[in-house]
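Structure below is coords-v5.txt: compact mmCIF, C-alpha atoms.
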# COMPACT_ATOMS: atom_id res chain seq x y z
CA MET A 1 30.44 1.04 6.84
CA THR A 2 28.71 1.92 3.63
CA ALA A 3 26.07 -0.73 3.67
CA ASP A 4 23.56 0.72 6.11
CA ARG A 5 22.93 4.38 5.74
CA PRO A 6 21.43 5.90 8.84
CA LEU A 7 18.26 7.88 8.68
CA PHE A 8 20.00 11.17 9.20
CA LEU A 9 22.03 10.60 6.08
CA GLU A 10 18.96 9.77 4.05
CA ARG A 11 17.54 13.05 5.22
CA PHE A 12 20.76 14.81 4.45
CA PHE A 13 20.66 13.65 0.88
CA ALA A 14 17.02 14.58 0.62
CA ARG A 15 17.90 18.05 1.82
CA ALA A 16 20.77 18.25 -0.60
CA ASP A 17 18.45 17.97 -3.57
CA SER A 18 18.59 21.68 -4.04
CA ALA A 19 22.34 21.56 -4.20
CA VAL A 20 22.37 18.89 -6.81
CA ARG A 21 19.93 20.79 -8.94
CA VAL A 22 22.41 23.62 -8.98
CA LEU A 23 25.09 21.22 -10.03
CA HIS A 24 22.96 19.63 -12.70
CA ALA A 25 22.06 23.04 -14.01
CA VAL A 26 25.68 23.60 -14.80
CA GLU A 27 26.03 20.29 -16.48
CA SER A 28 22.92 20.73 -18.57
CA LYS A 29 24.30 24.04 -19.70
CA GLY A 30 26.85 22.14 -21.67
CA ALA A 31 29.87 22.19 -19.48
CA GLY A 32 30.41 18.56 -20.31
CA ASN A 33 33.54 17.27 -21.86
CA GLY A 34 32.32 17.67 -25.35
CA ALA A 35 33.66 14.30 -26.34
CA GLY A 36 30.90 12.05 -27.44
CA GLU A 37 28.38 12.38 -24.67
CA SER A 38 26.50 9.17 -24.19
CA GLU A 39 22.82 8.67 -24.68
CA ASP A 40 22.12 7.97 -21.00
CA VAL A 41 22.77 11.47 -19.78
CA GLN A 42 19.12 12.01 -18.86
CA ILE A 43 18.87 8.88 -16.71
CA ASP A 44 19.06 9.59 -13.02
CA ASP A 45 22.38 9.05 -11.35
CA GLY A 46 21.17 6.42 -8.94
CA THR A 47 20.12 4.22 -11.82
CA ILE A 48 23.41 4.81 -13.58
CA VAL A 49 25.41 3.88 -10.52
CA LYS A 50 23.42 0.68 -10.14
CA ARG A 51 24.25 -0.18 -13.72
CA ILE A 52 27.89 0.57 -13.03
CA ALA A 53 27.72 -1.83 -10.12
CA ASP A 54 26.61 -4.44 -12.64
CA GLY A 55 29.66 -3.70 -14.75
CA ASP A 56 27.93 -1.59 -17.38
CA HIS A 57 30.63 0.39 -19.17
CA SER A 58 28.19 2.56 -21.08
CA ALA A 59 26.65 3.62 -17.79
CA PHE A 60 30.10 4.57 -16.57
CA ALA A 61 30.57 6.67 -19.70
CA SER A 62 27.27 8.35 -18.98
CA LEU A 63 28.31 9.18 -15.48
CA TYR A 64 31.56 10.62 -16.72
CA ASP A 65 29.76 12.73 -19.29
CA LYS A 66 27.42 14.11 -16.70
CA HIS A 67 29.92 14.93 -14.00
CA ALA A 68 33.39 15.24 -15.47
CA ALA A 69 33.14 19.01 -15.76
CA LEU A 70 32.12 19.34 -12.16
CA VAL A 71 34.87 17.06 -10.86
CA TYR A 72 37.55 18.51 -13.07
CA GLY A 73 36.43 22.07 -12.39
CA VAL A 74 36.53 21.67 -8.65
CA ALA A 75 39.88 19.91 -8.75
CA LYS A 76 41.38 22.50 -11.06
CA ARG A 77 40.12 25.34 -8.93
CA VAL A 78 41.50 23.81 -5.75
CA LEU A 79 44.83 22.62 -7.15
CA GLY A 80 45.42 25.31 -9.74
CA ASN A 81 47.12 22.70 -11.85
CA ARG A 82 45.70 21.12 -14.97
CA GLU A 83 47.61 17.86 -14.78
CA GLN A 84 46.81 17.28 -11.15
CA ALA A 85 43.19 18.09 -11.83
CA GLU A 86 43.17 15.48 -14.56
CA ASP A 87 44.65 12.97 -12.16
CA VAL A 88 42.03 13.70 -9.56
CA THR A 89 39.32 13.42 -12.18
CA GLN A 90 40.65 10.06 -13.30
CA SER A 91 40.98 8.74 -9.82
CA VAL A 92 37.57 9.96 -8.72
CA PHE A 93 35.83 8.22 -11.59
CA LEU A 94 37.90 5.09 -11.34
CA GLN A 95 37.09 4.86 -7.69
CA VAL A 96 33.43 5.13 -8.57
CA TRP A 97 33.93 2.39 -11.14
CA SER A 98 35.76 0.11 -8.75
CA ARG A 99 33.66 0.95 -5.72
CA PRO A 100 30.24 2.11 -6.86
CA GLU A 101 28.83 1.02 -3.52
CA ALA A 102 30.66 3.94 -1.93
CA PHE A 103 27.81 6.06 -3.20
CA ALA A 104 24.84 4.73 -1.33
CA GLY A 105 22.20 6.85 -3.01
CA GLY A 106 20.88 10.37 -2.98
CA ASN A 107 22.41 13.25 -4.85
CA PHE A 108 25.36 12.04 -6.78
CA ALA A 109 26.56 15.40 -8.05
CA ALA A 110 26.75 16.89 -4.58
CA TRP A 111 28.51 13.78 -3.37
CA ILE A 112 31.08 13.59 -6.13
CA ALA A 113 31.76 17.31 -5.90
CA ARG A 114 32.60 16.81 -2.28
CA VAL A 115 34.78 13.82 -3.02
CA ALA A 116 36.63 15.80 -5.67
CA ARG A 117 37.13 18.75 -3.36
CA ASN A 118 38.32 16.62 -0.46
CA ALA A 119 40.67 14.63 -2.65
CA SER A 120 42.11 17.79 -4.13
CA LEU A 121 42.53 19.40 -0.74
CA ASP A 122 44.24 16.30 0.58
CA ILE A 123 46.79 16.61 -2.17
CA LEU A 124 47.08 20.33 -1.60
CA ARG A 125 47.73 19.96 2.08
CA SER A 126 49.72 16.78 2.01
CA ALA A 127 52.22 18.41 4.33
CA ALA A 128 49.68 20.34 6.31
CA VAL A 129 49.74 20.26 10.07
CA ARG A 130 46.23 21.36 10.81
CA THR A 131 44.12 18.61 12.23
CA ARG A 132 40.85 18.57 10.42
CA GLU A 133 37.72 16.65 10.84
CA PRO A 134 36.29 14.96 7.80
CA GLU A 135 33.15 16.40 6.40
CA ILE A 136 30.38 14.53 8.05
CA PRO A 137 26.82 14.96 6.89
CA VAL A 138 24.57 15.62 9.83
CA ASP A 139 20.90 15.38 10.38
CA LEU A 140 19.16 18.03 8.37
CA PRO A 141 15.63 19.31 8.11
CA ALA A 142 13.48 18.17 5.25
CA GLU A 143 13.90 20.03 2.01
CA GLY A 144 11.40 22.73 1.20
CA ALA A 145 9.60 22.25 -2.08
CA LEU A 146 9.94 25.91 -2.96
CA GLU A 147 13.67 25.87 -2.62
CA GLU A 148 13.93 22.72 -4.70
CA GLN A 149 12.07 24.44 -7.48
CA VAL A 150 14.28 27.45 -7.15
CA PHE A 151 17.35 25.38 -7.84
CA GLU A 152 15.71 23.24 -10.41
CA ARG A 153 15.21 26.29 -12.55
CA VAL A 154 18.31 28.27 -11.79
CA ARG A 155 20.34 29.14 -14.85
CA ALA A 156 23.83 27.77 -14.81
CA THR A 157 25.45 30.94 -16.03
CA ALA A 158 24.05 32.72 -13.03
CA LEU A 159 26.14 30.65 -10.66
CA ALA A 160 29.46 32.15 -11.58
CA THR A 161 27.86 35.55 -11.84
CA ALA A 162 26.36 35.21 -8.38
CA VAL A 163 29.72 34.29 -6.91
CA ALA A 164 31.45 37.11 -8.72
CA ALA A 165 28.82 39.54 -7.52
CA LEU A 166 29.58 38.93 -3.88
CA PRO A 167 31.35 41.74 -2.06
CA GLU A 168 35.02 41.12 -2.63
CA ASP A 169 35.95 40.62 1.00
CA GLN A 170 33.19 38.04 1.42
CA ARG A 171 34.00 36.27 -1.81
CA ILE A 172 37.67 36.04 -0.99
CA ALA A 173 36.99 34.70 2.49
CA ILE A 174 34.59 32.06 1.17
CA GLU A 175 36.91 31.00 -1.63
CA GLN A 176 39.85 30.73 0.74
CA ALA A 177 37.84 28.48 2.99
CA TYR A 178 36.24 26.35 0.31
CA PHE A 179 38.83 26.10 -2.42
CA ALA A 180 41.98 26.47 -0.34
CA GLY A 181 40.59 24.33 2.45
CA LEU A 182 41.47 26.81 5.16
CA SER A 183 39.81 27.13 8.52
CA TYR A 184 38.41 30.55 9.32
CA ARG A 185 41.35 31.05 11.66
CA GLU A 186 43.74 30.38 8.81
CA VAL A 187 41.76 32.66 6.55
CA ALA A 188 41.98 35.37 9.19
CA ASP A 189 45.73 34.91 9.42
CA ARG A 190 46.15 34.98 5.69
CA LEU A 191 44.01 38.06 5.27
CA ASN A 192 45.34 39.68 8.42
CA ALA A 193 41.80 40.26 9.55
CA PRO A 194 40.11 39.76 12.92
CA LEU A 195 38.57 36.35 13.51
CA GLY A 196 35.12 37.75 14.09
CA THR A 197 35.30 39.73 10.89
CA VAL A 198 36.26 36.68 8.86
CA LYS A 199 33.55 34.54 10.37
CA SER A 200 31.02 37.19 9.62
CA ARG A 201 32.27 37.65 6.06
CA ILE A 202 31.99 33.96 5.32
CA ARG A 203 28.55 33.58 6.79
CA MET A 204 27.17 36.73 5.20
CA GLY A 205 28.71 35.78 1.89
CA LEU A 206 27.11 32.37 1.97
CA ARG A 207 23.75 33.86 2.78
CA LYS A 208 24.12 36.39 0.02
CA LEU A 209 25.11 33.67 -2.41
CA LEU A 210 22.07 31.63 -1.47
CA GLU A 211 19.83 34.66 -1.95
CA SER A 212 21.45 35.41 -5.29
CA LEU A 213 20.92 31.88 -6.49
CA GLN A 214 17.26 32.17 -5.61
CA GLN A 215 16.90 35.51 -7.29
CA VAL A 216 18.31 34.39 -10.62
CA VAL A 217 15.54 31.88 -11.13
CA PRO A 218 13.74 32.85 -14.32
CA THR A 219 10.11 33.71 -13.75
CA MET B 1 26.52 17.03 24.82
CA SER B 2 24.64 19.91 23.33
CA THR B 3 25.43 23.58 23.70
CA ALA B 4 22.95 26.42 23.91
CA HIS B 5 22.09 28.34 20.79
CA THR B 6 24.08 31.50 20.33
CA ASP B 7 24.74 33.78 17.39
CA GLU B 8 28.30 32.57 17.40
CA MET B 9 27.18 28.96 17.16
CA ARG B 10 24.98 29.87 14.25
CA GLU B 11 27.95 31.47 12.56
CA LEU B 12 30.02 28.38 13.16
CA ALA B 13 27.26 26.23 11.70
CA ALA B 14 27.68 28.06 8.40
CA LEU B 15 31.45 27.73 8.56
CA TYR B 16 31.07 24.04 9.30
CA ALA B 17 29.35 23.57 5.95
CA LEU B 18 32.57 24.75 4.32
CA ASP B 19 34.65 22.50 6.55
CA ALA B 20 36.19 25.71 7.83
CA VAL B 21 36.15 25.02 11.54
CA ASP B 22 38.89 23.38 13.54
CA ALA B 23 38.69 19.81 14.79
CA THR B 24 37.57 20.65 18.28
CA GLU B 25 34.97 23.13 17.08
CA CYS B 26 33.86 20.63 14.51
CA ALA B 27 32.73 18.14 17.13
CA MET B 28 31.01 20.84 19.11
CA VAL B 29 29.17 22.28 16.12
CA ARG B 30 28.19 18.86 14.87
CA ALA B 31 26.68 17.99 18.21
CA HIS B 32 24.91 21.34 18.44
CA ILE B 33 23.43 21.16 14.97
CA GLN B 34 21.68 17.96 15.83
CA SER B 35 19.72 19.59 18.58
CA CYS B 36 19.21 23.13 17.30
CA ASP B 37 16.76 23.73 14.46
CA VAL B 38 18.02 27.25 13.79
CA CYS B 39 21.62 26.20 13.39
CA ARG B 40 20.67 23.10 11.44
CA ARG B 41 18.89 25.31 8.94
CA GLU B 42 21.86 27.64 8.84
CA TYR B 43 24.10 24.70 8.06
CA ALA B 44 21.73 23.34 5.43
CA ASP B 45 21.51 26.68 3.68
CA ALA B 46 25.27 27.05 3.73
CA LEU B 47 25.62 23.61 2.20
CA VAL B 48 23.44 24.64 -0.69
CA ALA B 49 25.46 27.79 -1.18
CA ALA B 50 28.64 25.72 -1.09
CA SER B 51 27.28 23.45 -3.78
CA GLY B 52 26.57 26.50 -5.88
CA LEU B 53 30.14 27.53 -5.32
CA ALA B 54 31.37 24.16 -6.54
CA ALA B 55 29.11 24.23 -9.57
CA SER B 56 30.26 27.71 -10.47
CA VAL B 57 33.74 26.47 -11.31
CA ALA B 58 32.69 23.50 -13.47
CA VAL B 59 34.74 23.43 -16.62
CA ALA B 60 35.13 20.86 -19.34
CA PRO B 61 38.20 18.67 -18.94
CA PRO B 62 40.46 18.00 -21.91
CA PRO B 63 38.50 15.85 -24.39
CA GLU B 64 41.18 13.18 -24.45
CA LEU B 65 40.70 12.53 -20.76
CA ARG B 66 37.40 10.80 -21.42
CA ALA B 67 38.98 8.07 -23.49
CA ILE B 68 41.74 7.61 -20.94
CA VAL B 69 39.32 7.21 -18.07
CA LEU B 70 37.01 4.88 -19.95
CA ALA B 71 39.90 2.76 -21.16
CA ALA B 72 41.32 2.55 -17.66
CA ALA B 73 37.97 1.39 -16.35
CA ALA B 74 37.69 -1.19 -19.09
CA ASP B 75 41.08 -2.59 -18.13
CA GLN B 76 40.35 -2.65 -14.47
CA PRO B 77 38.77 -5.67 -12.86
CA ARG B 78 36.53 -4.61 -10.01
CA SER B 79 38.47 -6.46 -7.38
CA GLU B 80 41.79 -4.87 -8.22
CA LYS B 81 42.98 -1.66 -6.82
CA VAL B 82 43.02 1.36 -9.04
CA VAL B 83 46.63 2.11 -8.25
CA SER B 84 47.82 -0.78 -10.37
CA ILE B 85 46.86 1.03 -13.53
CA PHE B 86 48.92 4.16 -13.42
CA ARG B 87 52.56 4.64 -12.81
CA ARG B 88 52.81 8.37 -12.36
CA LYS B 89 53.72 9.27 -8.81
CA ARG B 90 51.27 12.10 -8.54
CA PHE B 91 48.51 9.82 -9.66
CA TYR B 92 49.14 7.62 -6.65
CA ALA B 93 48.61 10.65 -4.49
CA ALA B 94 45.36 11.39 -6.27
CA ILE B 95 44.14 7.86 -5.84
CA VAL B 96 44.94 7.88 -2.16
CA ALA B 97 43.32 11.25 -1.72
CA VAL B 98 40.14 10.15 -3.43
CA ALA B 99 39.94 6.97 -1.39
CA ALA B 100 40.40 9.02 1.75
CA ALA B 101 37.80 11.51 0.63
CA ILE B 102 35.29 8.78 -0.03
CA ALA B 103 36.05 7.24 3.32
CA ALA B 104 35.57 10.60 4.96
CA LEU B 105 32.14 11.00 3.46
CA PHE B 106 31.14 7.71 4.95
CA VAL B 107 32.29 8.37 8.48
CA PHE B 108 28.92 8.33 10.11
CA HIS B 109 28.36 8.79 13.76
CA THR B 110 25.85 6.02 13.99
CA PRO B 111 25.33 4.92 17.56
CA SER B 112 24.36 1.32 17.71
CA GLY B 113 23.82 0.55 21.33
CA SER B 114 27.18 1.23 22.85
CA THR B 115 29.32 0.80 19.75
CA TRP B 116 30.75 3.45 17.49
CA PRO B 117 32.56 2.76 14.22
CA LEU B 118 36.12 3.82 13.58
CA ALA B 119 36.89 5.19 10.14
CA CYS B 120 39.83 6.56 8.26
CA LEU B 121 40.24 10.31 8.11
CA PRO B 122 41.42 12.21 5.04
CA SER B 123 45.10 11.60 4.70
CA PRO B 124 47.75 11.77 2.02
CA THR B 125 48.61 8.19 2.82
CA ALA B 126 46.51 5.12 2.32
CA CYS B 127 44.41 3.92 5.22
CA SER B 128 42.52 0.68 5.35
CA VAL B 129 42.00 0.58 9.08
CA THR B 130 38.60 -0.38 10.38
CA GLY B 131 37.32 -1.02 13.84
CA ARG B 132 35.06 0.28 16.53
CA VAL B 133 34.85 1.77 19.96
CA VAL B 134 32.96 -0.40 22.39
CA ALA B 135 31.63 0.59 25.79
CA ALA B 136 32.29 -2.35 28.06
CA GLY B 137 32.96 -2.81 31.73
CA GLY B 138 33.08 0.88 32.53
CA VAL B 139 35.67 1.68 29.90
CA LEU B 140 35.74 2.31 26.19
CA ARG B 141 37.67 -0.27 24.24
CA VAL B 142 39.15 0.91 20.96
CA GLU B 143 39.38 -2.09 18.66
CA THR B 144 41.27 -1.66 15.43
CA ILE B 145 41.86 -3.92 12.46
CA GLY B 146 44.28 -3.42 9.60
CA LEU B 147 46.95 -1.42 11.36
CA ALA B 148 50.30 -1.44 9.64
CA ALA B 149 53.44 -2.44 11.46
CA LEU B 150 55.37 0.67 12.43
CA PRO B 151 59.09 1.29 12.15
CA SER B 152 61.23 1.11 15.24
CA GLY B 153 60.67 4.01 17.59
CA LYS B 154 57.08 4.59 16.57
CA VAL B 155 53.85 3.58 18.26
CA TYR B 156 50.19 4.18 17.86
CA GLN B 157 48.51 6.39 20.43
CA ALA B 158 44.86 6.95 21.25
CA TRP B 159 43.47 10.40 21.99
CA ILE B 160 40.29 11.72 23.49
CA ILE B 161 39.11 15.02 22.09
CA GLN B 162 36.09 16.36 23.88
CA PRO B 163 33.98 19.05 22.22
CA GLY B 164 35.80 22.33 22.60
CA GLY B 165 38.74 20.66 24.31
CA LYS B 166 42.30 19.78 23.47
CA PRO B 167 43.42 16.25 22.67
CA VAL B 168 44.01 14.25 25.82
CA PRO B 169 46.73 11.60 25.54
CA GLU B 170 45.68 8.00 26.09
CA PRO B 171 47.69 4.78 26.02
CA THR B 172 50.11 3.91 23.26
CA PHE B 173 49.89 0.54 21.61
CA VAL B 174 51.26 -1.66 18.86
CA PRO B 175 49.26 -4.07 16.70
CA ASP B 176 49.78 -7.78 16.65
CA ALA B 177 51.11 -9.60 13.62
CA GLY B 178 47.64 -9.56 12.11
CA GLY B 179 47.34 -5.79 12.38
CA ARG B 180 44.89 -5.98 15.27
CA ALA B 181 45.06 -3.96 18.45
CA SER B 182 42.85 -3.07 21.35
CA VAL B 183 43.31 -0.33 23.89
CA GLU B 184 41.11 0.97 26.67
CA VAL B 185 40.29 4.58 27.37
CA PRO B 186 38.05 6.17 30.01
CA SER B 187 34.31 6.24 29.51
CA ASN B 188 31.72 8.78 30.67
CA LEU B 189 32.63 11.12 27.87
CA PRO B 190 30.28 13.77 26.53
CA LYS B 191 28.42 13.37 23.30
CA GLY B 192 30.46 14.53 20.34
CA THR B 193 33.77 13.38 21.79
CA LEU B 194 36.27 12.08 19.28
CA ILE B 195 38.37 9.01 19.87
CA ALA B 196 41.31 9.32 17.50
CA VAL B 197 44.54 7.49 16.79
CA THR B 198 47.86 8.95 15.70
CA ILE B 199 51.38 7.68 15.15
CA GLU B 200 53.75 8.97 17.81
CA PRO B 201 57.31 8.47 18.98
CA ALA B 202 57.82 5.50 21.28
CA GLY B 203 56.64 6.40 24.75
CA GLY B 204 53.83 8.50 23.45
CA SER B 205 53.27 12.23 23.28
CA LEU B 206 51.51 14.76 25.43
CA ALA B 207 50.03 16.36 22.35
CA PRO B 208 49.62 14.83 18.89
CA THR B 209 52.66 15.23 16.70
CA THR B 210 50.95 13.73 13.66
CA LYS B 211 47.54 14.04 12.15
CA PRO B 212 44.96 11.51 13.38
CA PHE B 213 44.31 8.98 10.65
CA VAL B 214 41.39 7.13 12.14
CA ALA B 215 38.69 8.24 14.55
CA ALA B 216 35.26 7.60 15.94
CA THR B 217 32.75 10.13 17.16
CA LEU B 218 30.79 9.27 20.28
CA ASP B 219 27.32 10.31 19.48
Could you write out this structure as structure tokens?
Amino acid sequence: MTADRPLFLERFFARADSAVRVLHAVESKGAGNGAGESEDVQIDDGTIVKRIADGDHSAFASLYDKHAALVYGVAKRVLGNREQAEDVTQSVFLQVWSRPEAFAGGNFAAWIARVARNASLDILRSAAVRTREPEIPVDLPAEGALEEQVFERVRATALATAVAALPEDQRIAIEQAYFAGLSYREVADRLNAPLGTVKSRIRMGLRKLLESLQQVVPT
Amino acid sequence: MSTAHTDEMRELAALYALDAVDATECAMVRAHIQSCDVCRREYADALVAASGLAASVAVAPPPELRAIVLAAAADQPRSEKVVSIFRRKRFYAAIVAVAAAIAALFVFHTPSGSTWPLACLPSPTACSVTGRVVAAGGVLRVETIGLAALPSGKVYQAWIIQPGGKPVPEPTFVPDAGGRASVEVPSNLPKGTLIAVTIEPAGGSLAPTTKPFVAATLD
């Protein structure tokens, strides 16, 4: 199932370039693990994963150095538990080591962030009853060059600031959906707010976050 | 099946990027996004915002974790499962969650003639089921491989979930000694329909009592 990626997925990953630039911006800021970062940090992830597939341990160390903060951060935010977040981080990277072919190319940071989030949510909702669909990338339009540049240059510190700057009701609704893994109906129940209101808050918050990310690009 | 563009659909497209829609809406939105440029852009933008959200929580893991992960990888032959390395119970859950998350990211609706792949859905329990849905002789045949034997009083049951609809019960079945099973369900289903499998009490259920663990999207 991982061998032949359909065209729509190739296009999805192409479109997701902007997302990964945001993610890389954080990593380049120095949110790494601070423990002996390897010399391959600047090599693109696709090359590193190929080396991992060949059994290259130094490449694996490079990948860890580049993405551990992202994986751990997402897991910790979702689970709210340091030990569980460490476990998820370990398991995510060991899965990449044992099954590098699971990543078939494209934007590794966006992919691994999603894996970390999904894995964390699965633990969080191990007794959940809601039937959810897996996240399935769909056919997306081609990435705009301007937007790519926007995210290429965005400052990492602006990300947290941009999120924090969202109107509180929008931020809470988005965070409940993304980090708690709730559907908008569940968010509405939890916040005791009308469905339409919650849907609108999430959408408007996402749009505002996107605009904020674009605006923080240094000129 | 594609639905007409509406403001509500556009809103749902943004929510879909956060995995914040319910299963039935998920299929509907996914189908709509493929045919509506406006909603596809909405979804793409929301994905970028979501990546920014993930990146905003990146935080360095404990420094000692790096050595643990690298050592675990060094001790782990590629062909062996990761779970053999750690003994902590919660780590098993993390491993399973990550494997499920990776599987979920590779559930592609990739029509290949009249065949659609089955794939594991995110689940707290391990799933190694593969298979496909095949259109043949005026019916859809759900062919599964790797099904575990169930305890007494339990059976597998197929479900049809049309976009926007409730799960419709289909035949129950049990795998053979090799973990293989095949069951037929009606054809002429709209695009975006999910064919899912759950574990139910013997005799089957009118509505799912457990979370689907494997599914295919007819697209």
**OP:** Pull out every residue of chain B that has at least one atom within 6 Å of chain A, counting all atoms listed in the file, and report them as a ChimeraX atom specification.
**Re:** /B:14,18,20-21,23,46,48-49,51-52,55-61,63,69,78,91,94-95,97-98,101-102,104,124,211
**OP:** Please measure the separation of CA of Gln76 in chain B and CA of Ser128 in chain B, giving the value in Å to one decimal.
**Re:** 20.2 Å
**OP:** Using all atoms listed in the file, determine which residues lie at most 8 Å from Ile48 in chain A, disregarding the query and same-chain residues fewer than 2 positions distant; provide the list as number ranges by chain.
**Re:** A: 43-46, 50-52, 59-60, 62-63
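Take CA of Val134 in chain B and CA of Ala149 in chain B: the distance between them is 23.3 Å.
One finds CA of Ala193 in chain A at 28.3 Å from CA of Ile161 in chain B.
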Subject >> Distance query 8 Å from (40.1, 0.6, 25.1) using only C-alpha atoms, result as a PyMOL selection string >> reply: chain B and resi 133-134+139-143+182-186
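Nearest to Ile145 in chain B of all the residues B:Leu53, B:Val214, B:Leu121, B:Val168 is B:Val214, counting only C-alpha atoms.
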Subject >> Distance criterion (all atoms listed in the file): nearest to Ala44 in chain B out of B:Thr217, B:Ile160, B:Leu15, B:Thr172 >> reply: B:Leu15
**OP:** Would you list the contacts of range 36-38 of chain B as a ChimeraX atom specification, taking every protein, DNA or RNA residue within 7 Å and counting all atoms listed in the file, but skipping same-chain residues closer than 4 positions in sequence?
**Re:** /B:5,32,42
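Comparing A:Ala173, A:Ala188, A:Val49, A:Leu195 by their smallest distance to Glu8 in chain B, the closest is A:Leu195 (using only C-alpha atoms).
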With 8 Å added on each side, what axis-aligned box encloses every listed atom of range 34-43 of chain B? Give the centre and edge lengths in Å to one decimal, as lines of an AutoDock Vina configuration file.
center_x = 20.4
center_y = 22.8
center_z = 13.3
size_x = 23.3
size_y = 25.7
size_z = 26.5
Within-7 Å shell of (36.1, 8.3, 16.8) in input frame, all atoms listed in the file, as a compact mmCIF listing (two decimals) with C-alpha atoms, in the frame of the given file:
# COMPACT_ATOMS: atom_id res chain seq x y z
CA LEU B 118 36.12 3.82 13.58
CA LEU B 194 36.27 12.08 19.28
CA ILE B 195 38.37 9.01 19.87
CA ALA B 196 41.31 9.32 17.50
CA ALA B 215 38.69 8.24 14.55
CA ALA B 216 35.26 7.60 15.94
CA THR B 217 32.75 10.13 17.16
CA LEU B 218 30.79 9.27 20.28
Rebuild N, CA and C atoms on range 132-144 of chain B, as a PDB file, keeping the file's coordinate frame?
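Result went into rebuild.pdb, see below:
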ATOM      1  N   ARG B 132      36.178  -0.311  15.807  1.00  0.00           N
ATOM      2  CA  ARG B 132      35.060   0.280  16.530  1.00  0.00           C
ATOM      3  C   ARG B 132      35.503   0.648  17.940  1.00  0.00           C
ATOM      4  N   VAL B 133      34.685   1.452  18.553  1.00  0.00           N
ATOM      5  CA  VAL B 133      34.850   1.770  19.960  1.00  0.00           C
ATOM      6  C   VAL B 133      33.679   1.121  20.685  1.00  0.00           C
ATOM      7  N   VAL B 134      33.992   0.343  21.689  1.00  0.00           N
ATOM      8  CA  VAL B 134      32.960  -0.400  22.390  1.00  0.00           C
ATOM      9  C   VAL B 134      32.944  -0.001  23.859  1.00  0.00           C
ATOM     10  N   ALA B 135      31.770   0.325  24.361  1.00  0.00           N
ATOM     11  CA  ALA B 135      31.630   0.590  25.790  1.00  0.00           C
ATOM     12  C   ALA B 135      31.445  -0.742  26.491  1.00  0.00           C
ATOM     13  N   ALA B 136      32.369  -1.053  27.381  1.00  0.00           N
ATOM     14  CA  ALA B 136      32.290  -2.350  28.060  1.00  0.00           C
ATOM     15  C   ALA B 136      33.013  -2.275  29.382  1.00  0.00           C
ATOM     16  N   GLY B 137      32.323  -2.727  30.417  1.00  0.00           N
ATOM     17  CA  GLY B 137      32.960  -2.810  31.730  1.00  0.00           C
ATOM     18  C   GLY B 137      33.436  -1.476  32.273  1.00  0.00           C
ATOM     19  N   GLY B 138      32.728  -0.425  31.993  1.00  0.00           N
ATOM     20  CA  GLY B 138      33.080   0.880  32.530  1.00  0.00           C
ATOM     21  C   GLY B 138      34.195   1.587  31.806  1.00  0.00           C
ATOM     22  N   VAL B 139      34.640   1.019  30.716  1.00  0.00           N
ATOM     23  CA  VAL B 139      35.670   1.680  29.900  1.00  0.00           C
ATOM     24  C   VAL B 139      35.224   1.654  28.446  1.00  0.00           C
ATOM     25  N   LEU B 140      35.942   2.383  27.634  1.00  0.00           N
ATOM     26  CA  LEU B 140      35.740   2.310  26.190  1.00  0.00           C
ATOM     27  C   LEU B 140      36.921   1.544  25.607  1.00  0.00           C
ATOM     28  N   ARG B 141      36.604   0.525  24.851  1.00  0.00           N
ATOM     29  CA  ARG B 141      37.670  -0.270  24.240  1.00  0.00           C
ATOM     30  C   ARG B 141      37.749   0.093  22.757  1.00  0.00           C
ATOM     31  N   VAL B 142      38.922   0.549  22.359  1.00  0.00           N
ATOM     32  CA  VAL B 142      39.150   0.910  20.960  1.00  0.00           C
ATOM     33  C   VAL B 142      39.735  -0.300  20.245  1.00  0.00           C
ATOM     34  N   GLU B 143      38.955  -0.880  19.363  1.00  0.00           N
ATOM     35  CA  GLU B 143      39.380  -2.090  18.660  1.00  0.00           C
ATOM     36  C   GLU B 143      39.663  -1.745  17.211  1.00  0.00           C
ATOM     37  N   THR B 144      40.885  -2.006  16.791  1.00  0.00           N
ATOM     38  CA  THR B 144      41.270  -1.660  15.430  1.00  0.00           C
ATOM     39  C   THR B 144      41.729  -2.882  14.651  1.00  0.00           C
TER      40      THR B 144
END
